[in-house]
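Engineer: Have a look at the structure that comes next, please.
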Amino acid sequence: MAFEAARLSPSLAAAFRSHRAPPAPPFLLRLPLLLPRRFLRTSASSSAASAGGDGRAVALPSSELRKRRNSSSGTSPPAEDSKLRSLRRLFARPDIAIDAYIVPSQDAHQSEFIAECFMRRTYLTGFTGSAGTAVVTKNNAAFWTDGRYFLQAEKELSHDWTLMRSGNHGVPTTIEWLNDVLPSGCRVGIDPFLFSSDAAEELKNAISDKNHELILIRDLNLVDEIWGESRPEPPKEPTRVHDIKYAGVDVPSKLSFVRSQLAENGCDTVVISMLDEVAWLLNMRGSDVPHSPVFYSYLIVEMSTATLFVDSSKVSEEVLEHLKKAGVNLKPYEAILSDVERLAEKGANLWLDSSSVNAAIVSVFRSGCARYLKKRGKTGRQTGKESSSDEPTTTSHGVQNSAVNGLYQVSPVTLAKSIKNEAETVGMKNSHLRDAAALAEFWCWLEEEVHKNVVLTEVQVAENLLEFRRKQDGFIETSFDTISGYGANGAIIHYRPTLDSCSSIGSDNLFLLDSGAQYVDGTTDITRTVHFGEPSPRQKECFTRVLQGHIALDQAVFPERTPGFVLDVLARSSLWKIGLDYRHGTGHGVGAALNVHEGPQSISYRYGNLTALQKGMIVSNEPGYYEENSFGIRIENLLLVKEVNLANSFGGISYLGFEKLTFVPIQSKLMDLSLLSPSEINWVNEYHEQVWEKVSPFLSGSSRDWLWDNTRPL
């Protein structure tokens, strides 16, 4: 599944940052104005120019194009959107008093996939993609998303919204846009539960250049306020124990590792807020979030105790016993803020991952530290970020700002989770073979149906694929919404077909299918592009160049400590030779029976992620090409980073390479053999030989025959 960047929250990464990766801002100690929230229920969670698709010329935004069409046709533009009107009314309330409001995609845990009740940005804008940021002022409404979603956003946004194509020439970031459209001295509101501490600090510092003030509205979420009673209830799905035969390491051992990291860094407590990190650390899984086996919770690990903050109705007797054996206590989900405050007031040295822990938690911790320090008459100690020399101050709302006793750096769980142990690796390999069998049966069926001229829509194809996967042992659910795109729809990078607007699969164009599954022992993600008729020379050339990039990355050998962005050029160079490219990252991390998108590793043209690829990490290999209004191409396998044995070892260091996890044929009729080198042809033949050897034992009858036919040497 095409992804912009691992580890960074996707919509904020696209919206707040410009082309150049800016230096990390100092973690300033003065808090923005903070409005206290009484309940935690709602959290868990002028037109600017826009560039054209080629990135060379600046084009008008979608809203302006619609206005001009209406003007030329003599029709009046539609009335203001009722949701925007209701939201803007709230701006004037005395207890809110803001001039702009920012609505990100995330929940309170910076999740990519979120429960329906936290899909606030989707409710407000109508855009259903997973990444995007909405900004509403009293007179304007703008929406930022990245290149994966340009075409989708153009279709789904109403005339009230200006589409900002992040990364294109001439398109401002959210911060640049706010500083441009707002007069000096305005108040910009956010829900602090939906922004990481780092994101809130960066926003605060940047808008202060124009004398704007960031207002943390903790008392209520404004979108929830207009959503009202129609807003879905928070999920209450039961949790389950993730068996040790799949987890590989027991909970006490994992907690012991975390405590050793605390001791090494001079801390006594860590707050874990990322849902997949909580699930991995406690060997638990859940069903609160679509496509991801996680559950809404926080975890605080101290040197002698650990506390899971979760709705107790989700915890069965079996899970409770599992937690008790590991020395983990339970508290209500809503108690997280009071417990952080308690820890701060007793002088605890907290480890907080400010890139993921939300601003509400950090602000409560800092104010609690201020009270502790005031009692002791001392200045606090802060590590991991630049400290401020400002004296503690108190805002008019009674929130005291001060230095903090905290370490602000990436969670100790993040890297440990990304490096798979032996049991996790075995589970990923086994689940991929079962998944490959399901896909072989599916492709055999679909090819027969299309050749019999059976009319099948993109939605029906996705539904049938789900049924083939359901037959496999250990299947739980899909790992993301299946991207089933025929013809021009395939050019929409994260296209999702719906019953009321989808195409039928035919034999006149390319069909792109990007799908994945969650199994009890692993997570899969695979893309194949096929043609059921005769592809054009243009399609074959584009497909072959994407394949060449895929092969080049698959065969890469590189020294240890190499970050993923160094390898990204390998996947693009063949396309670059004829002036083509694609607007998404080449590879993302993948969890073991966890999130299909996992950090901190990635392979991307965005050079801000310096995380080195390490033995045991899993990444996707998914170059592509998308010809707008015509077709889309993507080829995706998952790869395991492994150590390679070489004749030399320059500098005494190790060298790494990749081992394939995905074994599904790549359609040979789409390959222009005149473009492939002998070594590339050999790669295809060896890969297909492996596919046959590994997957054929799982098949019989026509599907086994299909696999044989599609794995013959070129």
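Going by the structure tokens order, chains are called A, B, ..., each with residues numbered from 1, while ligands are numbered from 1 in the order shown.
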Any idea what's packed within 9 Å of A:Pro235, counting only C-alpha atoms, ignoring anything in its chain fewer than 2 positions away? Could you give it as a list of chain:residue names?

Structural biologist: A:Ala115, A:Glu116, A:Cys117, A:Pro232, A:Glu233, A:Glu237, A:Ser287, A:Asp288, A:Val289, A:Phe295, A:Tyr296

Engineer: I'd like the contact shell of stretch 242-258 of chain A - 6 Å cut-off, only C-alpha atoms, skipping same-chain residues fewer than 3 positions apart - returned as a list in words.

Structural biologist: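 Listing them by chain and then by number gives Gln261, Leu282, Asn283, Met284, Ala326, Ala423, Glu424 and Asp521 of chain A.
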
Engineer: Can you tell me which residues surround A:Asn430 at a distance of at most 9 Å, considering only C-alpha atoms, apart from same-chain residues fewer than 5 positions away, and format the answer as a ChimeraX atom specification?

Structural biologist: /A:425,435,521-522

Engineer: Restricting it to C-alpha atoms, dump the selection as a PDB file, in the first residue's frame.

Structural biologist:
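Output file part20.pdb is given in full below:
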ATOM      1  CA  THR A 425       9.512 -13.666  11.276  1.00  0.00           C
ATOM      2  CA  ASP A 435      -2.182 -15.283   1.578  1.00  0.00           C
ATOM      3  CA  ASP A 521       0.422 -14.731  12.893  1.00  0.00           C
ATOM      4  CA  GLY A 522       1.195 -11.954  10.402  1.00  0.00           C
TER       5      GLY A 522
END

Engineer: Which one of A:Met617, A:Leu567, A:Ile336, A:Leu214 sits closest to A:Tyr605 if you count only C-alpha atoms?

Structural biologist: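 Smallest distance to A:Tyr605 is found for A:Leu567.
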
Engineer: As an NGL selection string, please: all residues of stretch 485-700 of chain A that backbone DSSP puts in alpha helix (DSSP H).

Structural biologist: :A and (537-554 or 568-576 or 678-695)

Engineer: Store the residues picked out above in a file with C-alpha atoms, as a compact mmCIF listing (two decimals), in the first residue's frame.

Structural biologist:
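Printed below is part_20.txt as written:
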# COMPACT_ATOMS: atom_id res chain seq x y z
CA PRO A 537 3.15 -0.47 -26.05
CA ARG A 538 2.95 2.55 -23.74
CA GLN A 539 1.49 0.46 -20.91
CA LYS A 540 4.12 -2.24 -21.39
CA GLU A 541 6.96 0.26 -21.34
CA CYS A 542 5.68 1.95 -18.18
CA PHE A 543 5.04 -1.39 -16.47
CA THR A 544 8.49 -2.71 -17.39
CA ARG A 545 10.21 0.39 -16.03
CA VAL A 546 8.29 0.07 -12.77
CA LEU A 547 9.36 -3.60 -12.68
CA GLN A 548 12.98 -2.62 -13.25
CA GLY A 549 12.81 -0.29 -10.25
CA HIS A 550 11.22 -3.06 -8.19
CA ILE A 551 14.00 -5.48 -9.15
CA ALA A 552 16.76 -2.92 -8.49
CA LEU A 553 15.54 -2.33 -4.93
CA ASP A 554 14.97 -6.02 -4.29
CA ASP A 568 14.83 5.21 -2.95
CA VAL A 569 16.64 6.30 -6.12
CA LEU A 570 17.08 2.64 -7.13
CA ALA A 571 13.34 2.25 -7.55
CA ARG A 572 12.91 5.47 -9.57
CA SER A 573 15.94 5.64 -11.85
CA SER A 574 14.45 3.56 -14.67
CA LEU A 575 11.38 5.82 -14.74
CA TRP A 576 13.51 8.94 -14.52
CA PRO A 678 19.59 -10.65 -18.95
CA SER A 679 20.02 -10.28 -15.18
CA GLU A 680 16.53 -8.76 -14.85
CA ILE A 681 15.01 -11.59 -16.90
CA ASN A 682 16.87 -14.03 -14.67
CA TRP A 683 15.41 -12.30 -11.57
CA VAL A 684 11.86 -12.74 -12.92
CA ASN A 685 12.44 -16.41 -13.73
CA GLU A 686 14.00 -17.16 -10.35
CA TYR A 687 11.21 -15.34 -8.55
CA HIS A 688 8.52 -17.25 -10.39
CA GLU A 689 10.32 -20.51 -9.70
CA GLN A 690 10.22 -19.67 -5.99
CA VAL A 691 6.52 -18.79 -6.26
CA TRP A 692 5.76 -22.19 -7.76
CA GLU A 693 7.85 -24.13 -5.23
CA LYS A 694 6.45 -22.34 -2.19
CA VAL A 695 2.78 -21.84 -3.10
